[in-house]
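Notes for the one structure printed next.
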Amino acid sequence: MTYRLASDVTWRCWDDGCVVFSAATAQTLLLSSEYGPALAAVAEASVTHPSGMAIEGASARVPGADQALVERLFELGILESVL
Amino acid sequence: MRVADFPPDQFDRKLADSGVPLRCGPFVVCISSRLPHIAAGLRFHYADFEVHADPEASDFDIRLEPPSVLRRLVRPQVNFTCDGRAPFRPLPIDQAFPMLEWGLNWVISSHAHDHLVVHGAVLERNGRALILAADPGSGKSTLCAGLVHAGWRLLSDELTLVNLDNGRLVPVARPISLKNESIDVVRALGPEAAVGAVCYGTGKGAVAHMRPPSESVARISEAAVPAWIIFPKFARTQTPPVVEEVGHAHAFMELTRHCFNYALLGGAAFGALAGLVDRCRVLRARYGHLDQILPVIEQLAAEETR
């Protein structure tokens, strides 16, 4: 599966957690800071390749950003899949 | 010209006729009323406020009048309107001044969407601002009054206005709202704590207001840089006080609960709130008496201002 950051999502990470805001749902989520590397990796890839096509595997290159966390972010609507 | 510069009878006539346009921070609020409760309350609590020369320049047209002729005679009431709309049910006429204050809070929090509006007091010392964000009944206003008495500049007792462009805190210094036991606690601080008439039997119990210091009103155009956020909680049994650090992500989440327009502003609010917590040290304070917590805050400010 290839992912990109959902277009309406903004996020920030601090030592004690990551806060993610979706403008579409007006929801704000507090996630543990272990999601930080996954968010950073996907966000960086999303910027570099807005189509999202180059994101596949990006999370695997970042320590701590394992596939399970990426998939959880997808379930939460923070990431969207790119077909 | 300030409210106090008008002879009382002239001020009261102006209030009843054309209205009095008061500068409240970034807003000009034109207040009209024939009620002596409002005239007396404004002359006492807003004595140092600038009366804007042009009533047409007002952002909001506020009126407090009896809802009907009959209501002037039988169980008199007061109605609050803003630009012709009445957002609240009428209240007993002796609650007119508290109603004005509650109404002004509503006006600003419902309309000031060029700012992020947070339910919290703001005070400043040496150019650095402290935000007290708390649920109603947490002792926020009592602590705010205590800090004002200790020399902190009042920016607001109730509404923290965060400039969306630069993150600075915009003053909207108005009277400090006190309830029930806090009225005597603040009066006991000394005669400089100018507490006005007590209004009993409101929905919040006994209510009184403390006049904002002249210096805070004179500096109402000076924004301040946020430095500290405290989530205060008064609990009579909390001895000694407990003060603990709060992580920025958790502080962010807690502050979203206290925002009036976070969802409305969306991404702009997210950015402003993230910038706010980035700039601040965040603490949670539980205390049983003002005397316990005031020195802690003074020490915090002194250490980090050196």
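Note on naming: chains are A, B, ... as they come in the structure tokens, residues start from 1 per chain, ligands start from 1 in the order shown.
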Tell me as a PyMOL selection string which residues belonging to chain A come within 7 Å of chain B, counting only C-alpha atoms. chain A and resi 14+16-19+23+26
Output all heavy atoms for every residue in that selection, as a tab-separated table (two decimals), in the first residue's frame.
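Produced file again16.tsv, reproduced below:
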```tsv
chain	number	residue	atom	x	y	z
A	14	TRP	N	5.73	16.85	19.85
A	14	TRP	CA	6.56	17.30	20.96
A	14	TRP	C	7.04	16.06	21.72
A	14	TRP	O	6.67	14.93	21.36
A	14	TRP	CB	5.76	18.21	21.90
A	14	TRP	CG	5.43	19.56	21.34
A	14	TRP	CD1	6.23	20.65	21.31
A	14	TRP	CD2	4.18	19.97	20.73
A	14	TRP	NE1	5.57	21.71	20.72
A	14	TRP	CE2	4.32	21.33	20.36
A	14	TRP	CE3	2.98	19.33	20.47
A	14	TRP	CZ2	3.30	22.05	19.75
A	14	TRP	CZ3	1.96	20.03	19.85
A	14	TRP	CH2	2.12	21.37	19.50
A	16	ASP	N	6.16	14.78	24.44
A	16	ASP	CA	5.14	13.97	25.11
A	16	ASP	C	4.03	13.51	24.16
A	16	ASP	O	3.03	12.96	24.63
A	16	ASP	CB	4.53	14.74	26.28
A	16	ASP	CG	3.82	16.02	25.84
A	16	ASP	OD1	4.31	16.66	24.89
A	16	ASP	OD2	2.78	16.36	26.42
A	17	GLY	N	4.17	13.74	22.88
A	17	GLY	CA	3.15	13.23	21.97
A	17	GLY	C	3.05	14.04	20.69
A	17	GLY	O	3.70	15.08	20.53
A	18	CYS	N	2.23	13.53	19.80
A	18	CYS	CA	1.96	14.21	18.53
A	18	CYS	C	0.49	14.61	18.49
A	18	CYS	O	-0.38	13.83	18.86
A	18	CYS	CB	2.24	13.27	17.35
A	18	CYS	SG	3.99	12.83	17.17
A	19	VAL	N	0.25	15.82	18.03
A	19	VAL	CA	-1.12	16.31	17.90
A	19	VAL	C	-1.42	16.43	16.41
A	19	VAL	O	-0.64	17.02	15.66
A	19	VAL	CB	-1.29	17.68	18.59
A	19	VAL	CG1	-2.71	18.19	18.40
A	19	VAL	CG2	-0.97	17.57	20.07
A	23	ALA	N	-8.80	19.11	9.23
A	23	ALA	CA	-9.75	20.19	8.95
A	23	ALA	C	-11.07	19.64	8.44
A	23	ALA	O	-12.13	20.22	8.67
A	23	ALA	CB	-9.15	21.15	7.92
A	26	ALA	N	-12.66	18.38	11.63
A	26	ALA	CA	-12.46	19.30	12.77
A	26	ALA	C	-12.09	18.51	14.03
A	26	ALA	O	-12.40	18.94	15.14
A	26	ALA	CB	-13.69	20.17	13.01
```
Residue contacts of B:Leu91 (7 Å, only C-alpha atoms) excluding same-chain residues fewer than 4 positions away, as a PyMOL selection string: chain B and resi 77-79+95
Which residue, A:Leu69, A:Val20, A:Phe74, A:Thr25, has the smallest gap to A:Ala38 when you use only C-alpha atoms? A:Leu69
Alpha helix (DSSP H) call set, DSSP backbone run, stretch 122-203 of chain B, as a PyMOL selection string: chain B and resi 140-149+181-187
Saved selection, atoms kept: N, CA, C and O atoms, as a PDB file, in the first residue's frame:
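selection25.pdb written:
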```
ATOM      1  N   LYS B 140      -9.616  30.775  38.895  1.00  0.00           N
ATOM      2  CA  LYS B 140      -8.818  31.555  37.936  1.00  0.00           C
ATOM      3  C   LYS B 140      -8.889  33.059  38.213  1.00  0.00           C
ATOM      4  O   LYS B 140      -7.862  33.742  38.265  1.00  0.00           O
ATOM      5  N   SER B 141     -10.110  33.566  38.385  1.00  0.00           N
ATOM      6  CA  SER B 141     -10.262  35.012  38.543  1.00  0.00           C
ATOM      7  C   SER B 141      -9.709  35.488  39.887  1.00  0.00           C
ATOM      8  O   SER B 141      -9.157  36.587  39.978  1.00  0.00           O
ATOM      9  N   THR B 142      -9.847  34.667  40.919  1.00  0.00           N
ATOM     10  CA  THR B 142      -9.290  35.039  42.228  1.00  0.00           C
ATOM     11  C   THR B 142      -7.773  35.120  42.135  1.00  0.00           C
ATOM     12  O   THR B 142      -7.150  36.066  42.644  1.00  0.00           O
ATOM     13  N   LEU B 143      -7.179  34.128  41.479  1.00  0.00           N
ATOM     14  CA  LEU B 143      -5.725  34.139  41.297  1.00  0.00           C
ATOM     15  C   LEU B 143      -5.313  35.329  40.432  1.00  0.00           C
ATOM     16  O   LEU B 143      -4.315  36.004  40.722  1.00  0.00           O
ATOM     17  N   CYS B 144      -6.105  35.601  39.410  1.00  0.00           N
ATOM     18  CA  CYS B 144      -5.829  36.751  38.540  1.00  0.00           C
ATOM     19  C   CYS B 144      -5.841  38.046  39.360  1.00  0.00           C
ATOM     20  O   CYS B 144      -4.929  38.879  39.241  1.00  0.00           O
ATOM     21  N   ALA B 145      -6.854  38.198  40.211  1.00  0.00           N
ATOM     22  CA  ALA B 145      -6.945  39.402  41.047  1.00  0.00           C
ATOM     23  C   ALA B 145      -5.744  39.487  41.992  1.00  0.00           C
ATOM     24  O   ALA B 145      -5.195  40.574  42.227  1.00  0.00           O
ATOM     25  N   GLY B 146      -5.345  38.346  42.543  1.00  0.00           N
ATOM     26  CA  GLY B 146      -4.195  38.328  43.443  1.00  0.00           C
ATOM     27  C   GLY B 146      -2.922  38.764  42.732  1.00  0.00           C
ATOM     28  O   GLY B 146      -2.101  39.511  43.289  1.00  0.00           O
ATOM     29  N   LEU B 147      -2.743  38.306  41.502  1.00  0.00           N
ATOM     30  CA  LEU B 147      -1.544  38.687  40.741  1.00  0.00           C
ATOM     31  C   LEU B 147      -1.593  40.160  40.355  1.00  0.00           C
ATOM     32  O   LEU B 147      -0.569  40.854  40.390  1.00  0.00           O
ATOM     33  N   VAL B 148      -2.776  40.649  39.998  1.00  0.00           N
ATOM     34  CA  VAL B 148      -2.919  42.080  39.688  1.00  0.00           C
ATOM     35  C   VAL B 148      -2.558  42.911  40.919  1.00  0.00           C
ATOM     36  O   VAL B 148      -1.822  43.903  40.835  1.00  0.00           O
ATOM     37  N   HIS B 149      -3.043  42.469  42.060  1.00  0.00           N
ATOM     38  CA  HIS B 149      -2.728  43.186  43.304  1.00  0.00           C
ATOM     39  C   HIS B 149      -1.233  43.165  43.592  1.00  0.00           C
ATOM     40  O   HIS B 149      -0.687  44.094  44.187  1.00  0.00           O
ATOM     41  N   GLU B 181     -17.285  33.322  47.678  1.00  0.00           N
ATOM     42  CA  GLU B 181     -16.240  33.546  48.691  1.00  0.00           C
ATOM     43  C   GLU B 181     -15.067  34.349  48.151  1.00  0.00           C
ATOM     44  O   GLU B 181     -14.342  34.990  48.926  1.00  0.00           O
ATOM     45  N   SER B 182     -14.844  34.295  46.839  1.00  0.00           N
ATOM     46  CA  SER B 182     -13.677  34.999  46.294  1.00  0.00           C
ATOM     47  C   SER B 182     -13.826  36.514  46.446  1.00  0.00           C
ATOM     48  O   SER B 182     -12.827  37.239  46.448  1.00  0.00           O
ATOM     49  N   ILE B 183     -15.046  36.988  46.602  1.00  0.00           N
ATOM     50  CA  ILE B 183     -15.250  38.438  46.752  1.00  0.00           C
ATOM     51  C   ILE B 183     -14.549  38.931  48.022  1.00  0.00           C
ATOM     52  O   ILE B 183     -13.789  39.906  47.996  1.00  0.00           O
ATOM     53  N   ASP B 184     -14.764  38.224  49.127  1.00  0.00           N
ATOM     54  CA  ASP B 184     -14.113  38.637  50.379  1.00  0.00           C
ATOM     55  C   ASP B 184     -12.614  38.371  50.355  1.00  0.00           C
ATOM     56  O   ASP B 184     -11.826  39.122  50.942  1.00  0.00           O
ATOM     57  N   VAL B 185     -12.219  37.288  49.676  1.00  0.00           N
ATOM     58  CA  VAL B 185     -10.780  36.993  49.574  1.00  0.00           C
ATOM     59  C   VAL B 185     -10.067  38.150  48.886  1.00  0.00           C
ATOM     60  O   VAL B 185      -9.002  38.610  49.332  1.00  0.00           O
ATOM     61  N   VAL B 186     -10.653  38.662  47.821  1.00  0.00           N
ATOM     62  CA  VAL B 186     -10.011  39.748  47.071  1.00  0.00           C
ATOM     63  C   VAL B 186     -10.117  41.068  47.836  1.00  0.00           C
ATOM     64  O   VAL B 186      -9.162  41.852  47.875  1.00  0.00           O
ATOM     65  N   ARG B 187     -11.255  41.303  48.468  1.00  0.00           N
ATOM     66  CA  ARG B 187     -11.382  42.535  49.279  1.00  0.00           C
ATOM     67  C   ARG B 187     -10.314  42.573  50.369  1.00  0.00           C
ATOM     68  O   ARG B 187      -9.785  43.639  50.699  1.00  0.00           O
TER      69      ARG B 187
END
```
Long-range neighbours of B:Pro8 as a ChimeraX atom specification, 10 Å cut-off, only C-alpha atoms, 4 positions minimum in chain: /B:3-4,12-14,39-40,43
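Restricting the calculation to only C-alpha atoms, the smallest distance between B:Pro212 and any of B:Asp54, B:Glu304, B:Asp157, B:Glu245 is found for B:Asp157.
Atom CA of B:Ala129 is positioned 9.6 Å from atom CA of B:Leu154.
Of the listed residues B:Ala53, B:Val277, B:Ile38, B:Met1, the one whose atoms come nearest to A:Cys13 is B:Val277, with distances taken using only C-alpha atoms.
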If you run DSSP on the backbone, which residues of stretch 61-206 of chain B are strand (DSSP E or B), as a VMD selection string? chain B and resid 61 to 65 77 to 82 85 91 to 92 115 to 125 128 to 133 153 to 156 159 to 163 169 to 170 176 to 179 195 199 to 202 205 to 206
